[in-house]
Amino acid sequence: MKIDLDNVWGNPKYHRNIPIYPVQMENIEDLYDTVQCLLLPKNTIQNPMIIKMSYLAFLILISSDDVNKHFFDKLVTLIKLISRSENIRFDVDEKNRYTIIIDDEIVIRERDFDKIKVIIGEQNLIDVSDESLGTEFDKAKSEARAFMNKRNKKMADLEQQIIAYKCVSKSSYEDIKQMTIYQFRKELERYDLIKSADILQNAQYSGMVSFKEGTVIPHWLDHIETKNPDDDIVMSKEQLDKLVSDKGISSN
């Protein structure tokens, strides 16, 4: 079994001979601004021509008017970020197939871009999938997420997260700037688990706090599941079946 630690070490990923670099924390604001060009719900457009298009061709198509041309600007900046190059140009062949050329030697074709889009998401912990189930369902998810955000305690914003990380890690701000977004997010998540485990284990061993029978105290090396952004608002069929079973209701 091959273990892939590229994201942990902050190494570039390669698709064919194309290096895709993880974005560092000092550029996180630029990434969050430019990555919008990867989040357009192409497959919700009920047009066979659009659905058959590559994402790159679709993005260039919608950027061709004045209203949406900012998406192309974001794409250019994003490519510069993930290639760590300022020498970027676009080309189109006689069959209207687009390519992105970096440093006059690295060529990203339309089919490459679809794969690179996924890599960018994985490297920087951003969901760039286009798996919409339709406008009404997406609207319902958006409303449910807004409700949950109001109901739950507000999470620290990015500035507060950076300050918190500096406090617990004793790193300098310059060190944090050089971290990749993946490293920062994953380390912060692990710090949270370590702190929680430490508090609960100390409480257990002190004898001053009792836990219900069967309570599992977290360990600082426990596996942290990757969360789906819809987990708290969308119920799977398996979850529904379990719910009705627990309530003594038969499910067909």
# chains A, B, ... in the order shown; residues from 1 in each chain; ligands from 1

$ residues_around --residues "A:Leu31" --least-positions-apart "2" --cutoff "10 Å" --atoms "only C-alpha atoms" --output "list in words"
Val23, Gln24, Met25, Glu26, Asn27, Ile28, Glu29, Asp33, Thr34, Val35, Gln36, Lys74, Thr77, Leu78, Leu81, Ile82, Asn124 and Ile181 of chain A

$ residues_around --residues "stretch 216-226 of chain A" --least-positions-apart "2" --cutoff "7 Å" --atoms "only C-alpha atoms" --output "number ranges by chain"
A: 193-194, 197, 200-201, 214, 228

$ closest_residue --among "A:Arg109, A:Lys117, A:Lys69, A:Arg190" --to "A:Lys13" --atoms "only C-alpha atoms"
A:Lys117

$ atom_distance --atom1 "atom CA of A:Asp175" --atom2 "atom CA of A:Glu122"
22.3 Å
